[in-house]
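Colleague: One file: target.cif (mmCIF, C-alpha atoms).
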data_coords
loop_
_atom_site.group_PDB
_atom_site.id
_atom_site.type_symbol
_atom_site.label_atom_id
_atom_site.label_comp_id
_atom_site.auth_asym_id
_atom_site.auth_seq_id
_atom_site.Cartn_x
_atom_site.Cartn_y
_atom_site.Cartn_z
ATOM 1 C CA MET A 1 -41.931 -48.972 25.519
ATOM 2 C CA MET A 2 -41.651 -48.084 21.906
ATOM 3 C CA ILE A 3 -40.555 -51.598 21.015
ATOM 4 C CA TRP A 4 -43.608 -53.196 22.545
ATOM 5 C CA SER A 5 -45.968 -50.773 20.880
ATOM 6 C CA LEU A 6 -44.388 -51.544 17.530
ATOM 7 C CA ARG A 7 -44.583 -55.256 18.156
ATOM 8 C CA LEU A 8 -48.243 -55.053 19.054
ATOM 9 C CA PHE A 9 -48.925 -52.871 16.037
ATOM 10 C CA TYR A 10 -47.309 -55.354 13.693
ATOM 11 C CA LEU A 11 -49.006 -58.297 15.399
ATOM 12 C CA SER A 12 -52.404 -56.671 15.097
ATOM 13 C CA ALA A 13 -51.696 -55.776 11.489
ATOM 14 C CA LEU A 14 -50.703 -59.351 10.790
ATOM 15 C CA LEU A 15 -53.731 -60.765 12.508
ATOM 16 C CA GLY A 16 -55.958 -58.229 10.796
ATOM 17 C CA ALA A 17 -54.463 -59.176 7.484
ATOM 18 C CA VAL A 18 -55.180 -62.787 8.181
ATOM 19 C CA ARG A 19 -58.775 -62.018 9.084
ATOM 20 C CA ALA A 20 -59.246 -59.716 6.156
ATOM 21 C CA ARG A 21 -59.043 -62.664 3.856
ATOM 22 C CA PRO A 22 -62.157 -64.353 3.008
ATOM 23 C CA VAL A 23 -62.408 -67.545 4.960
ATOM 24 C CA LYS A 24 -62.804 -70.729 3.034
ATOM 25 C CA HIS A 25 -64.895 -73.369 4.565
ATOM 26 C CA ALA A 26 -62.730 -76.031 3.262
ATOM 27 C CA ASP A 27 -59.564 -74.652 4.884
ATOM 28 C CA ARG A 28 -58.525 -75.863 8.157
ATOM 29 C CA ALA A 29 -57.091 -73.689 10.843
ATOM 30 C CA ALA A 30 -53.367 -73.419 10.848
ATOM 31 C CA PRO A 31 -51.542 -75.559 13.293
ATOM 32 C CA ARG A 32 -50.414 -73.830 16.460
ATOM 33 C CA GLU A 33 -46.806 -74.364 15.589
ATOM 34 C CA ASP A 34 -47.220 -72.373 12.357
ATOM 35 C CA VAL A 35 -48.876 -69.552 14.262
ATOM 36 C CA ASN A 36 -46.020 -69.514 16.777
ATOM 37 C CA VAL A 37 -43.503 -69.393 13.971
ATOM 38 C CA LEU A 38 -45.420 -66.527 12.390
ATOM 39 C CA ILE A 39 -45.642 -64.628 15.671
ATOM 40 C CA PHE A 40 -41.947 -65.208 16.330
ATOM 41 C CA GLY A 41 -41.199 -63.893 12.829
ATOM 42 C CA VAL A 42 -43.386 -60.839 13.453
ATOM 43 C CA LEU A 43 -41.583 -60.226 16.745
ATOM 44 C CA GLN A 44 -38.200 -60.502 15.071
ATOM 45 C CA LEU A 45 -39.392 -58.168 12.327
ATOM 46 C CA GLY A 46 -40.537 -55.707 15.005
ATOM 47 C CA GLU A 47 -37.179 -55.912 16.781
ATOM 48 C CA SER A 48 -35.363 -55.427 13.501
ATOM 49 C CA LEU A 49 -37.543 -52.445 12.654
ATOM 50 C CA ASN A 50 -36.979 -51.051 16.149
ATOM 51 C CA SER A 51 -33.220 -51.512 15.732
ATOM 52 C CA VAL A 52 -33.372 -49.810 12.344
ATOM 53 C CA TYR A 53 -35.437 -46.998 13.899
ATOM 54 C CA GLU A 54 -32.955 -46.516 16.764
ATOM 55 C CA ASN A 55 -29.991 -46.640 14.374
ATOM 56 C CA THR A 56 -31.759 -44.222 12.064
ATOM 57 C CA GLU A 57 -32.574 -41.951 15.012
ATOM 58 C CA GLY A 58 -28.884 -41.970 16.046
ATOM 59 C CA LYS A 59 -27.804 -41.316 12.492
ATOM 60 C CA VAL A 60 -30.311 -38.481 12.153
ATOM 61 C CA ALA A 61 -29.010 -37.018 15.445
ATOM 62 C CA ASN A 62 -25.447 -37.295 14.129
ATOM 63 C CA ILE A 63 -26.503 -35.719 10.843
ATOM 64 C CA LEU A 64 -28.250 -32.876 12.690
ATOM 65 C CA LEU A 65 -25.178 -32.357 14.871
ATOM 66 C CA THR A 66 -22.941 -32.365 11.797
ATOM 67 C CA MET A 67 -25.313 -29.947 10.056
ATOM 68 C CA LYS A 68 -25.205 -27.608 13.066
ATOM 69 C CA GLU A 69 -21.406 -27.777 13.027
ATOM 70 C CA HIS A 70 -21.400 -27.053 9.289
ATOM 71 C CA GLU A 71 -23.852 -24.189 9.789
ATOM 72 C CA GLY A 72 -21.561 -22.765 12.484
ATOM 73 C CA ALA A 73 -18.564 -23.161 10.187
ATOM 74 C CA LEU A 74 -20.490 -21.506 7.336
ATOM 75 C CA ARG A 75 -21.531 -18.648 9.626
ATOM 76 C CA ARG A 76 -17.918 -18.172 10.752
ATOM 77 C CA LEU A 77 -16.800 -18.381 7.132
ATOM 78 C CA GLY A 78 -19.407 -15.755 6.238
ATOM 79 C CA GLU A 79 -18.132 -13.504 9.035
ATOM 80 C CA GLN A 80 -14.553 -14.024 7.892
ATOM 81 C CA THR A 81 -15.594 -13.263 4.328
ATOM 82 C CA ALA A 82 -17.285 -10.062 5.482
ATOM 83 C CA GLN A 83 -14.173 -9.130 7.472
ATOM 84 C CA ALA A 84 -11.986 -9.953 4.473
ATOM 85 C CA GLY A 85 -14.220 -7.752 2.334
ATOM 86 C CA GLU A 86 -13.858 -4.909 4.839
ATOM 87 C CA VAL A 87 -10.088 -5.416 4.970
ATOM 88 C CA GLU A 88 -9.981 -5.453 1.169
ATOM 89 C CA LYS A 89 -11.992 -2.207 1.072
ATOM 90 C CA GLN A 90 -9.627 -0.607 3.591
ATOM 91 C CA MET A 91 -6.618 -1.844 1.625
ATOM 92 C CA LYS A 92 -8.053 -0.345 -1.578
ATOM 93 C CA GLU A 93 -8.570 2.973 0.229
ATOM 94 C CA VAL A 94 -5.006 2.877 1.541
ATOM 95 C CA ILE A 95 -3.665 1.988 -1.914
ATOM 96 C CA GLU A 96 -5.623 4.856 -3.472
ATOM 97 C CA LEU A 97 -4.302 7.211 -0.790
ATOM 98 C CA LEU A 98 -0.749 5.986 -1.364
ATOM 99 C CA GLN A 99 -1.134 6.368 -5.121
ATOM 100 C CA GLU A 100 -2.405 9.919 -4.649
ATOM 101 C CA GLN A 101 0.508 10.716 -2.331
ATOM 102 C CA MET A 102 2.949 9.166 -4.802
ATOM 103 C CA PHE A 103 1.442 11.276 -7.608
ATOM 104 C CA GLN A 104 1.776 14.409 -5.472
ATOM 105 C CA GLN A 105 5.353 13.500 -4.562
ATOM 106 C CA GLU A 106 6.190 12.838 -8.214
ATOM 107 C CA THR A 107 4.672 16.200 -9.134
ATOM 108 C CA GLN A 108 6.645 17.891 -6.372
ATOM 109 C CA ALA A 109 9.797 16.060 -7.456
ATOM 110 C CA LYS A 110 9.302 17.180 -11.069
ATOM 111 C CA THR A 111 8.681 20.743 -9.895
ATOM 112 C CA ALA A 112 11.757 20.624 -7.674
ATOM 113 C CA GLU A 113 13.712 19.100 -10.558
ATOM 114 C CA GLY A 114 12.650 21.978 -12.792
ATOM 115 C CA ARG A 115 13.558 24.524 -10.129
ATOM 116 C CA LEU A 116 16.903 22.833 -9.579
ATOM 117 C CA ALA A 117 17.582 22.897 -13.321
ATOM 118 C CA ASP A 118 16.680 26.613 -13.388
ATOM 119 C CA ILE A 119 18.951 27.287 -10.411
ATOM 120 C CA GLU A 120 21.790 25.309 -12.017
ATOM 121 C CA ARG A 121 21.300 27.266 -15.265
ATOM 122 C CA GLU A 122 21.309 30.555 -13.373
ATOM 123 C CA GLN A 123 24.375 29.438 -11.420
ATOM 124 C CA ALA A 124 26.155 28.551 -14.660
ATOM 125 C CA GLN A 125 25.172 31.922 -16.121
ATOM 126 C CA LEU A 126 26.446 33.689 -12.989
ATOM 127 C CA ARG A 127 29.701 31.746 -13.147
ATOM 128 C CA THR A 128 30.098 32.755 -16.763
ATOM 129 C CA LYS A 129 29.362 36.377 -15.899
ATOM 130 C CA VAL A 130 31.771 36.299 -12.938
ATOM 131 C CA LYS A 131 34.505 34.744 -15.081
ATOM 132 C CA SER A 132 33.982 37.274 -17.837
ATOM 133 C CA PHE A 133 33.915 40.095 -15.268
ATOM 134 C CA GLU A 134 37.114 38.734 -13.683
ATOM 135 C CA ALA A 135 38.684 38.530 -17.124
ATOM 136 C CA TYR A 136 37.539 42.072 -17.832
ATOM 137 C CA LEU A 137 38.924 43.289 -14.502
ATOM 138 C CA ASN A 138 42.191 41.451 -15.028
ATOM 139 C CA SER A 139 42.572 42.797 -18.529
ATOM 140 C CA THR A 140 41.292 46.299 -17.823
ATOM 141 C CA PHE A 141 42.670 47.215 -14.421
ATOM 142 C CA PRO A 142 46.289 46.256 -14.894
ATOM 143 C CA ALA A 143 46.414 48.497 -17.937
ATOM 144 C CA SER A 144 44.506 51.153 -16.062
ATOM 145 C CA ILE A 145 46.757 50.814 -13.033
ATOM 146 C CA LYS A 146 49.821 51.101 -15.248
ATOM 147 C CA GLU A 147 48.274 54.034 -17.003
ATOM 148 C CA LEU A 148 47.392 55.627 -13.670
ATOM 149 C CA GLN A 149 50.947 55.114 -12.437
ATOM 150 C CA PHE A 150 52.261 56.649 -15.641
ATOM 151 C CA GLN A 151 49.834 59.584 -15.267
ATOM 152 C CA LYS A 152 50.910 59.983 -11.635
ATOM 153 C CA GLN A 153 54.526 60.126 -12.689
ATOM 154 C CA LYS A 154 53.658 62.750 -15.251
ATOM 155 C CA ILE A 155 51.699 64.720 -12.655
ATOM 156 C CA ASP A 156 54.598 64.478 -10.231
ATOM 157 C CA LYS A 157 57.004 65.779 -12.909
ATOM 158 C CA HIS A 158 54.617 68.571 -13.779
ATOM 159 C CA ALA A 159 54.272 69.410 -10.111
ATOM 160 C CA LYS A 160 58.076 69.655 -9.813
ATOM 161 C CA GLN A 161 58.244 71.791 -12.911
ATOM 162 C CA LEU A 162 55.506 74.034 -11.587
ATOM 163 C CA ALA A 163 57.235 74.349 -8.234
ATOM 164 C CA ALA A 164 60.496 75.232 -10.020
ATOM 165 C CA LEU A 165 58.693 77.830 -12.111
ATOM 166 C CA GLN A 166 57.073 79.292 -9.044
ATOM 167 C CA ARG A 167 60.419 79.564 -7.316
ATOM 168 C CA LEU A 168 61.869 81.104 -10.397
ATOM 169 C CA VAL A 169 59.085 83.625 -10.611
ATOM 170 C CA SER A 170 59.269 84.413 -6.943
ATOM 171 C CA GLY A 171 63.010 84.722 -7.148
ATOM 172 C CA ASP A 172 63.860 81.959 -4.761
ATOM 173 C CA ALA A 173 65.602 79.750 -7.247
ATOM 174 C CA SER A 174 68.207 80.205 -9.901
ATOM 175 C CA VAL A 175 67.546 79.687 -13.598
ATOM 176 C CA GLY A 176 70.003 76.786 -13.678
ATOM 177 C CA SER A 177 68.169 74.812 -11.086
ATOM 178 C CA ALA A 178 64.874 75.462 -12.895
ATOM 179 C CA LEU A 179 66.379 74.261 -16.171
ATOM 180 C CA SER A 180 67.712 71.130 -14.533
ATOM 181 C CA VAL A 181 64.134 70.345 -13.303
ATOM 182 C CA PHE A 182 62.788 70.847 -16.832
ATOM 183 C CA SER A 183 65.502 68.720 -18.388
ATOM 184 C CA GLU A 184 64.691 65.856 -15.958
ATOM 185 C CA ALA A 185 61.020 66.064 -16.862
ATOM 186 C CA LEU A 186 61.777 65.620 -20.514
#
How does the structure come out when it is put into structure tokens?
Modeller:
Amino acid sequence: MMIWSLRLFYLSALLGAVRARPVKHADRAAPREDVNVLIFGVLQLGESLNSVYENTEGKVANILLTMKEHEGALRRLGEQTAQAGEVEKQMKEVIELLQEQMFQQETQAKTAEGRLADIEREQAQLRTKVKSFEAYLNSTFPASIKELQFQKQKIDKHAKQLAALQRLVSGDASVGSALSVFSEAL
């Protein structure tokens, strides 16, 4: 339908263009064959224009389809970009949280390190004190034990001498036995 309307439009335009010219009295009318050739040319021009129009219409439809596909791809890309931005924001938050935790752990580690160093120092001081106390005990008590044993022996001798004197005073023992106890003590 469109083709015929275009053909008629071009034919009328051609005929109108021919009539729009001033007519010369001296000119003769064109032979019928020339008019047929002209009409055939106009028809071919109309068909060519119709073919160009249909091809252009198909190309425009393809372009519109491609544009819609590109728009869809751009929209999806925009959504992905927004999601990537959200993921990046979340990752930054997680990184900040991890950095804060690492800082706290480093602080705790340094504090624990300081405490451990203090404990090790105290332990070393206690070891030194224990060793010096052991050395003191080892050096002091053996002498004291020996001295105590010596004092005990002296006390035992004095106790024997006292017992001998008591027997002598009470008359139970002889002077010779008392003298023998005194001579042993010396």
Colleague: Mind giving me the straight-line distance from atom CA of Gly46 of chain A to atom CA of Arg32 of chain A in Å, one decimal?
Modeller: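 These two atoms are separated by 20.7 Å.
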Colleague: Mind pulling up the distance from atom CA of Arg115 of chain A to atom CA of Lys129 of chain A?
Modeller: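 These atoms are spaced 20.6 Å apart.
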Colleague: Just how far from atom CA of Lys89 of chain A is atom CA of Arg75 of chain A, in Å to one decimal?
Modeller: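 So the two atoms, atom CA of Arg75 of chain A and atom CA of Lys89 of chain A, lie 20.8 Å apart.
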